[in-house]
Amino acid sequence: MDCFQDTIFKLKRYWADQGAIIQEPYDLEVGAGTMSPETFLRVLGPKPYKVAYVQPSRRPADGRYGENPNRLYKHQQLQLILKPTPADVIERYLGSLAAIGIDLKQHDIKFEEDNWEAPTLGAWGVGWQVMLDGLEITQFTYFQQCGGMDLAVVPAEITYGLERIVAFLQNVDSVYDIEWAPGFSYGDVRFADELQFSVYNFEVADVNALWQEFDLHEREAARLLELFRKETNKKRFPILPAYDQVLKCSNLFNLLDARGAISVTERVGIIGRVRKLALGVAEAWVEQQQPTTTEVEVVA
Amino acid sequence: MSGLLLEIGTEEIPDWMIEPALEEFRSKFLTAFTEFGGTAVSMDATPRRLVLRAEGLAERSPDVEEVVSGPYLSAGPKAAEGFARKWNTTVEDLHKTQDAKGERYIFHQKVPGQSVRDALSAKLPAVIGGIAFPKTMSWPGSQGVRFIRPIRWIVALLDDEVLPFTFAGITASNISRGHRVLAATPFSVTIAAYEETLLRNSVVVRAEERRRRIREAIGKDVLPDGELITTLAYLTEFPSVVRGSFDATFLELPKEVLSTVMRHHQRYFSVVRGDGSLAPEFVAVSNTQGDPEGLIRRGHEKVLRARFNDARFFWASDQKRKLPERVEDLAKITFQAKLGSYLDKTQRLIQLAGKLARLAEADAAVVERAATLAKCDLTTDMVKEFTELQGVVGGLYADAQGEAPAVASAIYDQYKPSSMEDSIPRTREGQILAIADKLDTLQACFRIGMIPSGSKDPFALRRAAQGIVKILFDAKLTLRWNDLFEEGSSLADFLRERVHFYLREILGYAYDEVNAAMAAGITTLHDLAERVAAIHRSRSTKDFEPVAASFKRIQNILRQAQVDHASTVDARLLTQGPEQDLYRAGLVVREKVARSRAYGEKLEAMASLRPEVDSFFDKILVNDPDPAIRQNRLALLNSLLTEFSTIADFSEIVMQGSAGI
């Protein structure tokens, strides 16, 4: 039986063999693999890209103090972007399941409609949740818009819920019972993390400090976007750091939300503030990626 | 005659979009190829293919002659020669015609018919691209075609020859594909052996056959659920059934929660015992061939166990804060951006429901308590997880937390009826709460201009209005129409449409019967229903339509004469014979009408006036030269009309016979 890390190795190996770049997780707090710049920015514009990475994803409101066998404050996603989407993308995906030891002839697999939308990122797509014997194991999305822009090349985003898949493969009822590495359970590795962050997110986090941080990061992102507008040498301009500020805002929003610090009336407004910054970054990135006049001449 | 097979191979299409898409596909196809007169067009689909088959297509469309207009003679010989050259003929052979601007040349162009093969190849891409879906996507990129999901292959055979066309970058061929897992290698098909070949590749192409297989395999002890069978038929290409069980201790959870988890979240059928209670079993439908190792069953059992454990956990943790303690939390949940939170709604609801309860002689204390707690379940983990259980969970919690049974059942039923087939709330208090909740939503949305138009109805206001109407009718509530809606307001008009719809489509009354009853005004819907029923029954009696026709005539006369409605009849001015007869008969009937309780009797009494009315119109000239007599006759007719128009406005009745008089 494969342990948690074996399954991750095999998925990475499989997609590496399919020509994908194997990236490491983004080193900031994010709510989903989609938010990593490896997805959010790379899907914009015409350049092809293929990448896979495990992204620990923080959802403060989903924390359960380590008590719920299926719900986690932080779960691990294996995120894959194929841009453009190959015509046999589903066959390739099914190949990845075979690679981690799922014999599809012995199981039931269904693709059930599930469209995805992330208002803070100005992103949406259509696709499915992939159901294996009644268990949702993957979210499969054809991105249609990102950063408020129609995508010139539509990528497929495949997000594996690693804890669920491995709990299925190892036939355990609680994610904490997953064997992560020989002799170490998921609980050994992550329980303290789940408990302490639940306590912090729900009980201890300083709401005032979080608001101040939010404002700070928002201001910095806005300042950078404003500078970009006036900048003549756009190629070297720090758009990626501006996006980091947006990610900070997004995570702080989630924390404040989990803390119950955001009222109804504020909520829509704050989502709008984050969204505005994300859209600004996306536009700036697309502009920065466009070949300059001189480059076009060289190519010609 | 030719036969056609067209299979559009896609990635998995959402199950609920498939049947409408087939209808679209069929009608677009028929419109595009009418001149080939295909007789039998049949449609089939699985999640991965839309299939159209046609037989009896003509080999060619008929030749037609089109007239091409050329230059006017006045444009000179050069223009005429140019026109003739263009059509490969000579000026001498051109025809001429006269129009408003003068004489001009025309050319009779013979357009030869097209072979069916050419027509199909030319037009099929547009037909396929024209199939409308509720939500489409692009897959190469934003510049490409749009469809519901990516198209991966197209089979297009005319009498087993491939039609040469390309759509969405896919060139049509005779190569189809089978079940994703059970038959991974593509294969060629022919028209005659299409279904058989697909079946060999683990695809049952007819939905009806998949439904039949599911229906037979699930067994007789499951909760009947035709809708779920159809959903599963469109989620599978090769359905088979798995029966599993769960720990009987989960049966402590309410049945509503268990079957919602099974049906809505897992698409399982619930198994019921002989006495109607749930058995600790379920039936799942797989898209594969059997489950010899029991792996699929174990998988489903594990998922269900986790789901039920969640529900059990939610149930326990939700009890830690009782519903009354959750009222303030409603301030954090938005009802609608411009309409504030659910706390705002709750406060309005208490007012409105209390007022309606007093008017309807329901227990106002119960209704107000239920209204206070009605929305609190929105703050519970159970409803956050299983949103379709809102209301039901509130009712179950209220009951478990010691609220009065009447309060609990009113909360439980507050969203009823969810459709015209659904039942209305069981108790009077529940009915009042359900009406008040829907009415508040309607009033609030109309106030900010969110009024449904066409297919745009994001807040499901039509359903809310229809729900109110159904409760008012079915529960025979004494609530007066004017207490609910301000007559003449756009909301009242909106509701009147729903009332009309209900009487027509649900209760099955004729259009004009409904019009006649509604035009006479609405006191309560219960009263309206009785009047329509009486009109409907009386209609077939022999005197009804003639009397209705006479009333219509009276109405016309009065309208033309611009009668003073305040004038009264002066008995001394009435002439002997038909005029006095009508007056006296009118008095008698008036009394009979006042005495009888049932509308049927009243209508019968009115219809009994027929001989006097007929004789009056036969013998008496309303337009007497003496203005006093004329005025008096008009007053007589007016009093009859006013008296007898409280049940129905007879002028709305459309005559079925030969237009009466």
# chains A, B, ... in the order shown; residues from 1 in each chain; ligands from 1

call {"tool": "residues_around", "arguments": {"residues": "segment 593-609 of chain B", "least_positions_apart": "2", "cutoff": "8 Å", "atoms": "only C-alpha atoms", "output": "list in words"}}
result
Glu530, Arg531, Ala534, Ile535, Arg537, Ser538, Asp543, Phe544, Val547, Leu582, Ala585, Gly586, Val589, Arg590, Glu591, Pro611, Glu612, Val613, Phe644 and Ile647 of chain B

call {"tool": "select_by_dssp", "arguments": {"residues": "segment 43-266 of chain B", "states": "strand (DSSP E or B)", "output": "ChimeraX atom specification"}}
result
/B:43-46,49-57,60,64-72,95-99,102-111,115,137-138,146-147,151-158,161-162,166-167,170-171,173,175-176,187-188,222,240-245

call {"tool": "write_last_selection", "arguments": {"atoms": "C-alpha atoms", "output": "mmCIF file, in the first residue's frame"}}
result
data_model
loop_
_atom_site.group_PDB
_atom_site.id
_atom_site.type_symbol
_atom_site.label_atom_id
_atom_site.label_comp_id
_atom_site.auth_asym_id
_atom_site.auth_seq_id
_atom_site.Cartn_x
_atom_site.Cartn_y
_atom_site.Cartn_z
ATOM 1 C CA MET B 43 -32.918 11.463 -31.209
ATOM 2 C CA ASP B 44 -30.808 9.703 -28.608
ATOM 3 C CA ALA B 45 -28.150 10.678 -26.152
ATOM 4 C CA THR B 46 -25.754 9.554 -23.485
ATOM 5 C CA ARG B 49 -22.954 11.786 -27.379
ATOM 6 C CA LEU B 50 -25.897 13.483 -29.029
ATOM 7 C CA VAL B 51 -27.293 11.259 -31.752
ATOM 8 C CA LEU B 52 -29.619 12.126 -34.608
ATOM 9 C CA ARG B 53 -30.858 9.519 -37.033
ATOM 10 C CA ALA B 54 -33.062 10.268 -40.046
ATOM 11 C CA GLU B 55 -34.627 8.061 -42.665
ATOM 12 C CA GLY B 56 -36.270 8.689 -45.994
ATOM 13 C CA LEU B 57 -34.260 11.746 -47.015
ATOM 14 C CA ARG B 60 -31.999 15.865 -54.196
ATOM 15 C CA VAL B 64 -36.160 26.106 -58.517
ATOM 16 C CA GLU B 65 -36.192 29.166 -60.720
ATOM 17 C CA GLU B 66 -35.191 32.494 -59.261
ATOM 18 C CA VAL B 67 -35.772 35.861 -60.915
ATOM 19 C CA VAL B 68 -32.711 38.108 -60.925
ATOM 20 C CA SER B 69 -33.439 41.814 -61.446
ATOM 21 C CA GLY B 70 -31.204 43.637 -63.913
ATOM 22 C CA PRO B 71 -30.761 47.240 -65.078
ATOM 23 C CA TYR B 72 -33.575 49.493 -66.263
ATOM 24 C CA HIS B 95 -36.933 39.100 -70.247
ATOM 25 C CA LYS B 96 -38.356 42.447 -69.262
ATOM 26 C CA THR B 97 -40.676 43.544 -66.550
ATOM 27 C CA GLN B 98 -42.383 46.732 -65.492
ATOM 28 C CA ASP B 99 -42.118 48.157 -61.994
ATOM 29 C CA GLY B 102 -39.964 51.806 -65.275
ATOM 30 C CA GLU B 103 -39.109 48.841 -67.473
ATOM 31 C CA ARG B 104 -36.146 46.665 -66.546
ATOM 32 C CA TYR B 105 -34.367 43.518 -67.594
ATOM 33 C CA ILE B 106 -34.717 40.327 -65.638
ATOM 34 C CA PHE B 107 -33.074 36.970 -65.936
ATOM 35 C CA HIS B 108 -34.650 33.658 -64.994
ATOM 36 C CA GLN B 109 -31.937 31.802 -63.196
ATOM 37 C CA LYS B 110 -32.401 28.096 -62.858
ATOM 38 C CA VAL B 111 -31.092 26.954 -59.500
ATOM 39 C CA SER B 115 -27.858 16.576 -53.564
ATOM 40 C CA MET B 137 -17.833 27.223 -23.048
ATOM 41 C CA SER B 138 -14.946 27.663 -25.392
ATOM 42 C CA ARG B 146 -18.735 27.490 -28.216
ATOM 43 C CA PHE B 147 -20.566 24.357 -27.161
ATOM 44 C CA ILE B 151 -16.538 18.049 -29.000
ATOM 45 C CA ARG B 152 -14.025 15.227 -29.467
ATOM 46 C CA TRP B 153 -15.392 13.291 -32.440
ATOM 47 C CA ILE B 154 -18.186 13.424 -34.996
ATOM 48 C CA VAL B 155 -19.717 10.475 -36.809
ATOM 49 C CA ALA B 156 -21.645 11.547 -39.912
ATOM 50 C CA LEU B 157 -22.824 8.819 -42.260
ATOM 51 C CA LEU B 158 -25.168 9.117 -45.186
ATOM 52 C CA GLU B 161 -20.654 7.020 -46.564
ATOM 53 C CA VAL B 162 -18.872 9.634 -44.514
ATOM 54 C CA THR B 166 -15.489 19.769 -40.314
ATOM 55 C CA PHE B 167 -16.812 21.440 -37.198
ATOM 56 C CA ILE B 170 -13.137 17.897 -35.905
ATOM 57 C CA THR B 171 -13.518 16.164 -39.277
ATOM 58 C CA SER B 173 -15.768 10.173 -39.870
ATOM 59 C CA ILE B 175 -15.227 6.270 -36.067
ATOM 60 C CA SER B 176 -17.096 6.320 -32.763
ATOM 61 C CA PHE B 187 -14.181 1.631 -33.623
ATOM 62 C CA SER B 188 -16.047 2.102 -36.880
ATOM 63 C CA VAL B 222 -36.819 1.786 -2.877
ATOM 64 C CA SER B 240 -25.632 -1.090 -13.230
ATOM 65 C CA VAL B 241 -26.748 -1.105 -9.638
ATOM 66 C CA VAL B 242 -24.977 -1.479 -6.309
ATOM 67 C CA ARG B 243 -26.834 -2.107 -3.079
ATOM 68 C CA GLY B 244 -25.160 -1.163 0.172
ATOM 69 C CA SER B 245 -25.992 -0.717 3.807
#

call {"tool": "closest_atom_pairs", "arguments": {"of": "chain A", "to": "chain B", "cutoff": "6 Å", "atoms": "only C-alpha atoms", "output": "CSV"}}
result
residue,atom,partner,partner_atom,distance
A:His107,CA,B:Ile296,CA,5.5
A:Asp108,CA,B:Ser286,CA,5.6
A:Glu113,CA,B:Pro14,CA,5.3
A:Asp133,CA,B:Gly299,CA,5.3
A:Gly134,CA,B:His300,CA,5.4
A:Leu151,CA,B:Ser142,CA,5.7
A:Ala152,CA,B:Gly141,CA,4.7
A:Val153,CA,B:Gly141,CA,4.1
A:Val154,CA,B:Gly141,CA,4.7
A:Ser263,CA,B:Lys332,CA,5.7
A:Val264,CA,B:Lys332,CA,5.2

call {"tool": "closest_residue", "arguments": {"among": "A:Leu210, A:Val274, A:Tyr49, A:Gly101", "to": "Gln170 of chain A", "atoms": "only C-alpha atoms"}}
result
A:Gly101

call {"tool": "select_by_dssp", "arguments": {"residues": "segment 211-265 of chain B", "states": "alpha helix (DSSP H)", "output": "ChimeraX atom specification"}}
result
/B:211-218,226-233,255-260

call {"tool": "write_last_selection", "arguments": {"atoms": "N, CA and C atoms", "output": "JSON list (two decimals), in the first residue's frame"}}
result
[["chain", "number", "residue", "atom", "x", "y", "z"],
["B", 211, "ARG", "N", -32.96, 3.81, -18.61],
["B", 211, "ARG", "CA", -33.94, 3.98, -17.54],
["B", 211, "ARG", "C", -34.55, 2.64, -17.15],
["B", 212, "ARG", "N", -34.89, 1.85, -18.17],
["B", 212, "ARG", "CA", -35.51, 0.56, -17.89],
["B", 212, "ARG", "C", -34.56, -0.33, -17.09],
["B", 213, "ARG", "N", -33.30, -0.35, -17.50],
["B", 213, "ARG", "CA", -32.33, -1.18, -16.79],
["B", 213, "ARG", "C", -32.21, -0.74, -15.33],
["B", 214, "ILE", "N", -32.17, 0.59, -15.13],
["B", 214, "ILE", "CA", -32.05, 1.09, -13.75],
["B", 214, "ILE", "C", -33.29, 0.71, -12.95],
["B", 215, "ARG", "N", -34.47, 0.97, -13.54],
["B", 215, "ARG", "CA", -35.72, 0.73, -12.83],
["B", 215, "ARG", "C", -35.82, -0.73, -12.41],
["B", 216, "GLU", "N", -35.42, -1.63, -13.30],
["B", 216, "GLU", "CA", -35.53, -3.05, -12.96],
["B", 216, "GLU", "C", -34.52, -3.47, -11.91],
["B", 217, "ALA", "N", -33.35, -2.84, -11.97],
["B", 217, "ALA", "CA", -32.27, -3.30, -11.09],
["B", 217, "ALA", "C", -32.37, -2.75, -9.65],
["B", 218, "ILE", "N", -32.99, -1.60, -9.49],
["B", 218, "ILE", "CA", -32.98, -1.01, -8.13],
["B", 218, "ILE", "C", -33.90, -1.76, -7.17],
["B", 226, "GLY", "N", -38.73, 8.89, -10.03],
["B", 226, "GLY", "CA", -38.54, 8.92, -11.47],
["B", 226, "GLY", "C", -37.50, 9.95, -11.90],
["B", 227, "GLU", "N", -37.50, 11.07, -11.18],
["B", 227, "GLU", "CA", -36.55, 12.13, -11.54],
["B", 227, "GLU", "C", -35.11, 11.66, -11.36],
["B", 228, "LEU", "N", -34.87, 10.96, -10.27],
["B", 228, "LEU", "CA", -33.53, 10.46, -9.99],
["B", 228, "LEU", "C", -33.13, 9.40, -11.03],
["B", 229, "ILE", "N", -34.09, 8.59, -11.44],
["B", 229, "ILE", "CA", -33.80, 7.59, -12.47],
["B", 229, "ILE", "C", -33.34, 8.28, -13.75],
["B", 230, "THR", "N", -34.05, 9.36, -14.13],
["B", 230, "THR", "CA", -33.68, 10.08, -15.35],
["B", 230, "THR", "C", -32.30, 10.72, -15.21],
["B", 231, "THR", "N", -32.06, 11.35, -14.06],
["B", 231, "THR", "CA", -30.73, 11.94, -13.83],
["B", 231, "THR", "C", -29.64, 10.89, -14.02],
["B", 232, "LEU", "N", -29.84, 9.73, -13.41],
["B", 232, "LEU", "CA", -28.81, 8.69, -13.48],
["B", 232, "LEU", "C", -28.70, 8.10, -14.88],
["B", 233, "ALA", "N", -29.81, 8.07, -15.60],
["B", 233, "ALA", "CA", -29.75, 7.57, -16.98],
["B", 233, "ALA", "C", -28.88, 8.48, -17.84],
["B", 255, "LYS", "N", -35.38, 11.16, 9.32],
["B", 255, "LYS", "CA", -35.50, 10.58, 7.99],
["B", 255, "LYS", "C", -35.21, 11.63, 6.91],
["B", 256, "GLU", "N", -35.68, 12.87, 7.16],
["B", 256, "GLU", "CA", -35.50, 13.94, 6.19],
["B", 256, "GLU", "C", -34.02, 14.15, 5.90],
["B", 257, "VAL", "N", -33.22, 14.12, 6.98],
["B", 257, "VAL", "CA", -31.79, 14.37, 6.82],
["B", 257, "VAL", "C", -31.15, 13.20, 6.06],
["B", 258, "LEU", "N", -31.49, 11.99, 6.47],
["B", 258, "LEU", "CA", -30.89, 10.82, 5.84],
["B", 258, "LEU", "C", -31.22, 10.76, 4.35],
["B", 259, "SER", "N", -32.50, 10.95, 4.01],
["B", 259, "SER", "CA", -32.81, 10.79, 2.59],
["B", 259, "SER", "C", -32.30, 11.96, 1.76],
["B", 260, "THR", "N", -32.17, 13.16, 2.37],
["B", 260, "THR", "CA", -31.57, 14.26, 1.62],
["B", 260, "THR", "C", -30.10, 13.98, 1.32]]

call {"tool": "closest_residue", "arguments": {"among": "A:Val175, A:Ala16, A:Leu227, A:Thr34", "to": "Gln139 of chain A", "atoms": "only C-alpha atoms"}}
result
A:Thr34

call {"tool": "closest_residue", "arguments": {"among": "B:Val283, B:Ala80, B:Ala492, B:Ala126", "to": "Gly219 of chain B", "atoms": "only C-alpha atoms"}}
result
B:Val283

call {"tool": "atom_distance", "arguments": {"atom1": "atom CA of Gly280 of chain A", "atom2": "atom CA of Ala61 of chain A"}}
result
27.2 Å

call {"tool": "atom_distance", "arguments": {"atom1": "atom CA of Asn201 of chain A", "atom2": "atom CA of Arg321 of chain B"}}
result
20.5 Å

call {"tool": "atom_distance", "arguments": {"atom1": "atom CA of Phe165 of chain B", "atom2": "atom CA of Leu124 of chain B"}}
result
7.9 Å

call {"tool": "residues_around", "arguments": {"residues": "segment 114-117 of chain A", "least_positions_apart": "4", "cutoff": "9 Å", "atoms": "only C-alpha atoms", "output": "ChimeraX atom specification"}}
result
/A:121-129,139-143 /B:14
